[in-house]
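J.: Encoded as structure tokens, here's the structure I'll be asking about.
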Amino acid sequence: MSTADDSLAIYPGGDLVAKGLSDLAHGVKSEEALLLMVAGPRLRGLGIAVREIEGVIRPYEHALYSAIESRLTTDAHSAYNALIQRIVSFANSYRGA
């Protein structure tokens, strides 16, 4: 982990953000990268540069859900909601820092 990753790790969900940023920088369409694209406007408002992966069609929420659904044949909805809750927790705590 880099120093930037270490600084994000102090926030709830910071691990997701660090992995998502790394994946976006390398053009990897991971669940974490898609999650950051979903939360991009809010994260950019917090000063976090969130790239987008070319070829991912909006709404990004659908792409994220599809990725989760391909990994989990059941409970995709719960997993999706859990990721959304974690990124909201991150944004709320990062904003308050």
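Every chain in the structure tokens has a letter given in the order shown (A, B, ...), and although residue numbers restart at 1 in each chain, ligands are simply numbered from 1 in the order shown.
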Could you list, as a short mmCIF file (atom, residue, chain, number, x, y, z; two decimals) with all heavy atoms, in the first residue's frame, every residue within 10 Å of Ile48 of chain A, counting only C-alpha atoms and ignoring same-chain residues fewer than 6 positions away?

T.:
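As a result, out.cif now contains:
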```cif
data_model
loop_
_atom_site.label_atom_id
_atom_site.label_comp_id
_atom_site.auth_asym_id
_atom_site.auth_seq_id
_atom_site.Cartn_x
_atom_site.Cartn_y
_atom_site.Cartn_z
N VAL A 17 -12.03 2.38 -1.53
CA VAL A 17 -11.66 3.56 -2.31
C VAL A 17 -10.23 3.41 -2.84
O VAL A 17 -9.98 3.67 -4.03
CB VAL A 17 -11.82 4.85 -1.49
CG1 VAL A 17 -11.33 6.06 -2.27
CG2 VAL A 17 -13.28 5.03 -1.08
N LEU A 21 -9.51 3.26 -6.78
CA LEU A 21 -8.67 4.26 -7.45
C LEU A 21 -7.54 3.59 -8.22
O LEU A 21 -7.22 3.98 -9.35
CB LEU A 21 -8.11 5.26 -6.43
CG LEU A 21 -9.13 6.22 -5.82
CD1 LEU A 21 -8.49 7.02 -4.69
CD2 LEU A 21 -9.72 7.14 -6.88
N GLY A 40 -18.77 8.77 -8.00
CA GLY A 40 -17.86 9.77 -8.56
C GLY A 40 -18.23 11.22 -8.28
O GLY A 40 -17.38 11.98 -7.80
N PRO A 41 -19.45 11.64 -8.55
CA PRO A 41 -19.77 13.06 -8.30
C PRO A 41 -19.55 13.47 -6.84
O PRO A 41 -18.99 14.53 -6.57
CB PRO A 41 -21.25 13.15 -8.69
CG PRO A 41 -21.43 12.06 -9.70
CD PRO A 41 -20.54 10.94 -9.22
N ARG A 42 -19.97 12.62 -5.93
CA ARG A 42 -19.80 12.96 -4.51
C ARG A 42 -18.33 12.95 -4.13
O ARG A 42 -17.86 13.83 -3.40
CB ARG A 42 -20.58 11.98 -3.64
CG ARG A 42 -20.54 12.37 -2.18
CD ARG A 42 -21.56 11.63 -1.38
NE ARG A 42 -21.57 12.12 -0.01
CZ ARG A 42 -22.22 11.54 0.95
NH1 ARG A 42 -22.94 10.46 0.72
NH2 ARG A 42 -22.18 12.02 2.17
#
```

J.: Near Gly14 of chain A, within 10 Å and counting only C-alpha atoms, which residues show up once chain neighbours fewer than 3 positions away are dropped, as a list in words?

T.: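 Close residues of Gly14 of chain A: Asp5, Asp6, Ser7, Leu8, Ala9, Ile10, Tyr11, Val17, Ala18, Lys19, Gly20, Arg86, Ile87, Ser89, Phe90, Ala91, Ser93 and Tyr94 of chain A.
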
J.: Those residues with all heavy atoms, as a short mmCIF file (atom, residue, chain, number, x, y, z; two decimals), in the first residue's frame please?

T.:
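File produced: part-v3.cif:
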```
data_model
loop_
_atom_site.label_atom_id
_atom_site.label_comp_id
_atom_site.auth_asym_id
_atom_site.auth_seq_id
_atom_site.Cartn_x
_atom_site.Cartn_y
_atom_site.Cartn_z
N ASP A 5 -2.77 5.37 -0.09
CA ASP A 5 -3.65 4.29 0.33
C ASP A 5 -3.73 4.23 1.85
O ASP A 5 -4.80 4.00 2.41
CB ASP A 5 -3.16 2.94 -0.20
CG ASP A 5 -3.25 2.84 -1.71
OD1 ASP A 5 -4.02 3.60 -2.32
OD2 ASP A 5 -2.54 2.00 -2.27
N ASP A 6 -2.60 4.42 2.51
CA ASP A 6 -2.57 4.39 3.97
C ASP A 6 -3.44 5.50 4.55
O ASP A 6 -4.12 5.29 5.55
CB ASP A 6 -1.14 4.54 4.49
CG ASP A 6 -0.27 3.34 4.16
OD1 ASP A 6 -0.82 2.26 3.89
OD2 ASP A 6 0.96 3.49 4.19
N SER A 7 -3.44 6.67 3.93
CA SER A 7 -4.24 7.77 4.45
C SER A 7 -5.73 7.51 4.27
O SER A 7 -6.53 7.95 5.08
CB SER A 7 -3.84 9.09 3.81
OG SER A 7 -4.18 9.10 2.44
N LEU A 8 -6.12 6.78 3.25
CA LEU A 8 -7.52 6.44 3.04
C LEU A 8 -7.98 5.33 3.98
O LEU A 8 -9.15 5.25 4.32
CB LEU A 8 -7.76 6.01 1.59
CG LEU A 8 -7.59 7.09 0.53
CD1 LEU A 8 -7.72 6.50 -0.86
CD2 LEU A 8 -8.59 8.22 0.75
N ALA A 9 -7.05 4.48 4.39
CA ALA A 9 -7.38 3.32 5.21
C ALA A 9 -7.93 3.70 6.59
O ALA A 9 -8.57 2.88 7.23
CB ALA A 9 -6.16 2.42 5.37
N ILE A 10 -7.72 4.93 7.01
CA ILE A 10 -8.22 5.34 8.32
C ILE A 10 -9.73 5.58 8.31
O ILE A 10 -10.33 5.71 9.36
CB ILE A 10 -7.48 6.57 8.88
CG1 ILE A 10 -7.76 7.80 8.02
CG2 ILE A 10 -5.99 6.29 9.01
CD1 ILE A 10 -7.27 9.11 8.62
N TYR A 11 -10.33 5.65 7.12
CA TYR A 11 -11.76 5.91 6.99
C TYR A 11 -12.51 4.60 6.73
O TYR A 11 -11.98 3.72 6.06
CB TYR A 11 -12.03 6.87 5.83
CG TYR A 11 -11.34 8.19 6.00
CD1 TYR A 11 -10.15 8.46 5.32
CD2 TYR A 11 -11.84 9.15 6.86
CE1 TYR A 11 -9.51 9.67 5.48
CE2 TYR A 11 -11.20 10.36 7.03
CZ TYR A 11 -10.03 10.62 6.33
OH TYR A 11 -9.39 11.81 6.51
N VAL A 17 -12.03 2.38 -1.53
CA VAL A 17 -11.66 3.56 -2.31
C VAL A 17 -10.23 3.41 -2.84
O VAL A 17 -9.98 3.67 -4.03
CB VAL A 17 -11.82 4.85 -1.49
CG1 VAL A 17 -11.33 6.06 -2.27
CG2 VAL A 17 -13.28 5.03 -1.08
N ALA A 18 -9.31 2.98 -2.00
CA ALA A 18 -7.92 2.81 -2.44
C ALA A 18 -7.83 1.79 -3.58
O ALA A 18 -7.17 2.04 -4.59
CB ALA A 18 -7.05 2.37 -1.26
N LYS A 19 -8.51 0.66 -3.43
CA LYS A 19 -8.47 -0.36 -4.49
C LYS A 19 -9.16 0.15 -5.75
O LYS A 19 -8.67 -0.03 -6.86
CB LYS A 19 -9.12 -1.66 -4.04
CG LYS A 19 -9.09 -2.72 -5.15
CD LYS A 19 -9.31 -4.09 -4.66
CE LYS A 19 -9.21 -5.17 -5.72
NZ LYS A 19 -9.44 -4.87 -7.09
N GLY A 20 -10.29 0.81 -5.58
CA GLY A 20 -11.01 1.36 -6.72
C GLY A 20 -10.20 2.38 -7.49
O GLY A 20 -10.17 2.37 -8.72
N ARG A 86 -21.17 1.32 2.37
CA ARG A 86 -19.76 1.55 2.74
C ARG A 86 -19.21 2.80 2.07
O ARG A 86 -18.45 3.55 2.70
CB ARG A 86 -18.92 0.33 2.37
CG ARG A 86 -19.19 -0.84 3.32
CD ARG A 86 -18.24 -1.98 3.12
NE ARG A 86 -16.90 -1.60 3.53
CZ ARG A 86 -15.81 -2.29 3.18
NH1 ARG A 86 -15.91 -3.36 2.43
NH2 ARG A 86 -14.62 -1.89 3.58
N ILE A 87 -19.58 3.07 0.81
CA ILE A 87 -19.05 4.26 0.15
C ILE A 87 -19.69 5.52 0.74
O ILE A 87 -19.04 6.56 0.86
CB ILE A 87 -19.19 4.18 -1.38
CG1 ILE A 87 -18.23 5.17 -2.06
CG2 ILE A 87 -20.60 4.41 -1.86
CD1 ILE A 87 -16.78 4.86 -1.92
N SER A 89 -20.60 5.76 3.91
CA SER A 89 -19.89 5.92 5.19
C SER A 89 -18.53 6.56 4.97
O SER A 89 -18.12 7.44 5.73
CB SER A 89 -19.71 4.57 5.88
OG SER A 89 -20.94 4.07 6.32
N PHE A 90 -17.85 6.13 3.92
CA PHE A 90 -16.55 6.73 3.61
C PHE A 90 -16.72 8.22 3.35
O PHE A 90 -16.00 9.05 3.92
CB PHE A 90 -15.91 6.05 2.39
CG PHE A 90 -14.68 6.79 1.92
CD1 PHE A 90 -13.45 6.56 2.53
CD2 PHE A 90 -14.76 7.74 0.92
CE1 PHE A 90 -12.34 7.26 2.13
CE2 PHE A 90 -13.64 8.45 0.51
CZ PHE A 90 -12.42 8.21 1.12
N ALA A 91 -17.64 8.56 2.46
CA ALA A 91 -17.82 9.97 2.08
C ALA A 91 -18.19 10.82 3.28
O ALA A 91 -17.68 11.93 3.45
CB ALA A 91 -18.87 10.08 0.99
N SER A 93 -17.48 10.25 6.49
CA SER A 93 -16.37 10.41 7.42
C SER A 93 -15.23 11.23 6.79
O SER A 93 -14.58 12.00 7.49
CB SER A 93 -15.86 9.05 7.90
OG SER A 93 -15.34 8.31 6.83
N TYR A 94 -15.00 11.08 5.51
CA TYR A 94 -13.94 11.83 4.83
C TYR A 94 -14.29 13.32 4.80
O TYR A 94 -13.43 14.15 5.00
CB TYR A 94 -13.77 11.30 3.40
CG TYR A 94 -12.56 11.82 2.68
CD1 TYR A 94 -11.32 11.21 2.87
CD2 TYR A 94 -12.65 12.89 1.80
CE1 TYR A 94 -10.20 11.66 2.20
CE2 TYR A 94 -11.53 13.35 1.13
CZ TYR A 94 -10.31 12.74 1.34
OH TYR A 94 -9.21 13.20 0.67
#
```

J.: Show which residues sit within 9 Å of segment 64-75 of chain A, as a ChimeraX atom specification. Count only C-alpha atoms, and ignore same-chain residues fewer than 6 positions away.

T.: /A:29-35,38

J.: Write out, as a PDB file, in the first residue's frame, the residues just selected, with all heavy atoms.

T.:
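Result file is selection-v2.pdb:
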```pdb
ATOM      1  N   LYS A  29     -11.915  -3.038 -14.625  1.00  0.00           N
ATOM      2  CA  LYS A  29     -13.342  -2.867 -14.330  1.00  0.00           C
ATOM      3  C   LYS A  29     -13.750  -3.770 -13.172  1.00  0.00           C
ATOM      4  O   LYS A  29     -14.510  -4.713 -13.311  1.00  0.00           O
ATOM      5  CB  LYS A  29     -14.168  -3.175 -15.576  1.00  0.00           C
ATOM      6  CG  LYS A  29     -15.606  -2.739 -15.470  1.00  0.00           C
ATOM      7  CD  LYS A  29     -16.329  -2.823 -16.793  1.00  0.00           C
ATOM      8  CE  LYS A  29     -16.871  -4.205 -17.011  1.00  0.00           C
ATOM      9  NZ  LYS A  29     -17.777  -4.297 -18.168  1.00  0.00           N
ATOM     10  N   SER A  30     -13.256  -3.466 -11.992  1.00  0.00           N
ATOM     11  CA  SER A  30     -13.574  -4.231 -10.781  1.00  0.00           C
ATOM     12  C   SER A  30     -14.828  -3.661 -10.130  1.00  0.00           C
ATOM     13  O   SER A  30     -15.282  -2.558 -10.477  1.00  0.00           O
ATOM     14  CB  SER A  30     -12.408  -4.151  -9.797  1.00  0.00           C
ATOM     15  OG  SER A  30     -12.271  -2.816  -9.322  1.00  0.00           O
ATOM     16  N   GLU A  31     -15.358  -4.396  -9.166  1.00  0.00           N
ATOM     17  CA  GLU A  31     -16.498  -3.886  -8.418  1.00  0.00           C
ATOM     18  C   GLU A  31     -16.134  -2.590  -7.703  1.00  0.00           C
ATOM     19  O   GLU A  31     -16.935  -1.650  -7.650  1.00  0.00           O
ATOM     20  CB  GLU A  31     -16.996  -4.929  -7.414  1.00  0.00           C
ATOM     21  CG  GLU A  31     -17.646  -6.124  -8.072  1.00  0.00           C
ATOM     22  CD  GLU A  31     -18.066  -7.205  -7.098  1.00  0.00           C
ATOM     23  OE1 GLU A  31     -18.203  -6.923  -5.885  1.00  0.00           O
ATOM     24  OE2 GLU A  31     -18.267  -8.344  -7.555  1.00  0.00           O
ATOM     25  N   GLU A  32     -14.923  -2.528  -7.169  1.00  0.00           N
ATOM     26  CA  GLU A  32     -14.493  -1.312  -6.463  1.00  0.00           C
ATOM     27  C   GLU A  32     -14.399  -0.128  -7.423  1.00  0.00           C
ATOM     28  O   GLU A  32     -14.804   0.992  -7.071  1.00  0.00           O
ATOM     29  CB  GLU A  32     -13.149  -1.550  -5.772  1.00  0.00           C
ATOM     30  CG  GLU A  32     -13.202  -2.549  -4.645  1.00  0.00           C
ATOM     31  CD  GLU A  32     -13.042  -4.006  -5.085  1.00  0.00           C
ATOM     32  OE1 GLU A  32     -12.943  -4.278  -6.301  1.00  0.00           O
ATOM     33  OE2 GLU A  32     -13.006  -4.881  -4.196  1.00  0.00           O
ATOM     34  N   ALA A  33     -13.877  -0.357  -8.624  1.00  0.00           N
ATOM     35  CA  ALA A  33     -13.781   0.719  -9.610  1.00  0.00           C
ATOM     36  C   ALA A  33     -15.170   1.197 -10.013  1.00  0.00           C
ATOM     37  O   ALA A  33     -15.421   2.411 -10.094  1.00  0.00           O
ATOM     38  CB  ALA A  33     -13.000   0.236 -10.833  1.00  0.00           C
ATOM     39  N   LEU A  34     -16.069   0.258 -10.254  1.00  0.00           N
ATOM     40  CA  LEU A  34     -17.441   0.628 -10.617  1.00  0.00           C
ATOM     41  C   LEU A  34     -18.134   1.365  -9.479  1.00  0.00           C
ATOM     42  O   LEU A  34     -18.874   2.322  -9.713  1.00  0.00           O
ATOM     43  CB  LEU A  34     -18.226  -0.618 -11.021  1.00  0.00           C
ATOM     44  CG  LEU A  34     -17.754  -1.295 -12.308  1.00  0.00           C
ATOM     45  CD1 LEU A  34     -18.423  -2.651 -12.464  1.00  0.00           C
ATOM     46  CD2 LEU A  34     -18.002  -0.412 -13.518  1.00  0.00           C
ATOM     47  N   LEU A  35     -17.874   0.944  -8.252  1.00  0.00           N
ATOM     48  CA  LEU A  35     -18.440   1.627  -7.089  1.00  0.00           C
ATOM     49  C   LEU A  35     -17.991   3.081  -7.055  1.00  0.00           C
ATOM     50  O   LEU A  35     -18.793   3.989  -6.808  1.00  0.00           O
ATOM     51  CB  LEU A  35     -18.039   0.913  -5.801  1.00  0.00           C
ATOM     52  CG  LEU A  35     -18.516   1.544  -4.500  1.00  0.00           C
ATOM     53  CD1 LEU A  35     -20.043   1.527  -4.413  1.00  0.00           C
ATOM     54  CD2 LEU A  35     -17.905   0.816  -3.308  1.00  0.00           C
ATOM     55  N   VAL A  38     -19.857   5.062  -9.580  1.00  0.00           N
ATOM     56  CA  VAL A  38     -21.198   5.376  -9.086  1.00  0.00           C
ATOM     57  C   VAL A  38     -21.133   6.587  -8.157  1.00  0.00           C
ATOM     58  O   VAL A  38     -21.937   7.512  -8.255  1.00  0.00           O
ATOM     59  CB  VAL A  38     -21.820   4.162  -8.343  1.00  0.00           C
ATOM     60  CG1 VAL A  38     -23.078   4.559  -7.584  1.00  0.00           C
ATOM     61  CG2 VAL A  38     -22.112   3.018  -9.316  1.00  0.00           C
TER      62      VAL A  38
END
```

J.: Go through A:Arg95, A:Gly45, A:His62, A:Val88 one by one, measure the shortest atom-to-atom distance of each to Ala76 of chain A using only C-alpha atoms, and give the residue with the smallest value.

T.: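 For Ala76 of chain A, the nearest of the candidates is A:His62.
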
J.: For each of A:Leu83, A:Leu36, A:Leu24, A:Leu16, take the minimum atom-to-atom distance to Ile53 of chain A, counting only C-alpha atoms, then give the residue where this is smallest.

T.: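 Using only C-alpha atoms, Ile53 of chain A sits closest to A:Leu24.
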
J.: Can you list every residue in chain A that DSSP puts in alpha helix (DSSP H), as JSON, numbers by chain?

T.: {"A": [3, 4, 5, 6, 7, 8, 14, 15, 16, 17, 18, 19, 20, 21, 22, 23, 24, 25, 31, 32, 33, 34, 35, 36, 37, 38, 40, 41, 42, 43, 44, 45, 60, 61, 62, 63, 64, 65, 66, 67, 68, 69, 70, 71, 76, 77, 78, 79, 80, 81, 82, 83, 84, 85, 86, 87, 88, 89, 90, 91, 92, 93, 94, 95]}

J.: Which residue is closest to Arg51 of chain A? Choose from A:Pro12, A:Ala39, A:Gln85, A:Ala79 and count only C-alpha atoms.

T.: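 Going through A:Pro12, A:Ala39, A:Gln85, A:Ala79 one by one, the smallest distance to Arg51 of chain A is for A:Ala39.
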
J.: By how many Å are atom CA of Glu54 of chain A and atom CA of Asn92 of chain A apart?

T.: 28.0 Å

J.: Of the candidates A:Ala63, A:Leu43, A:Tyr80, A:Glu52, which one gets nearest to His26 of chain A if we count only C-alpha atoms?

T.: A:Glu52
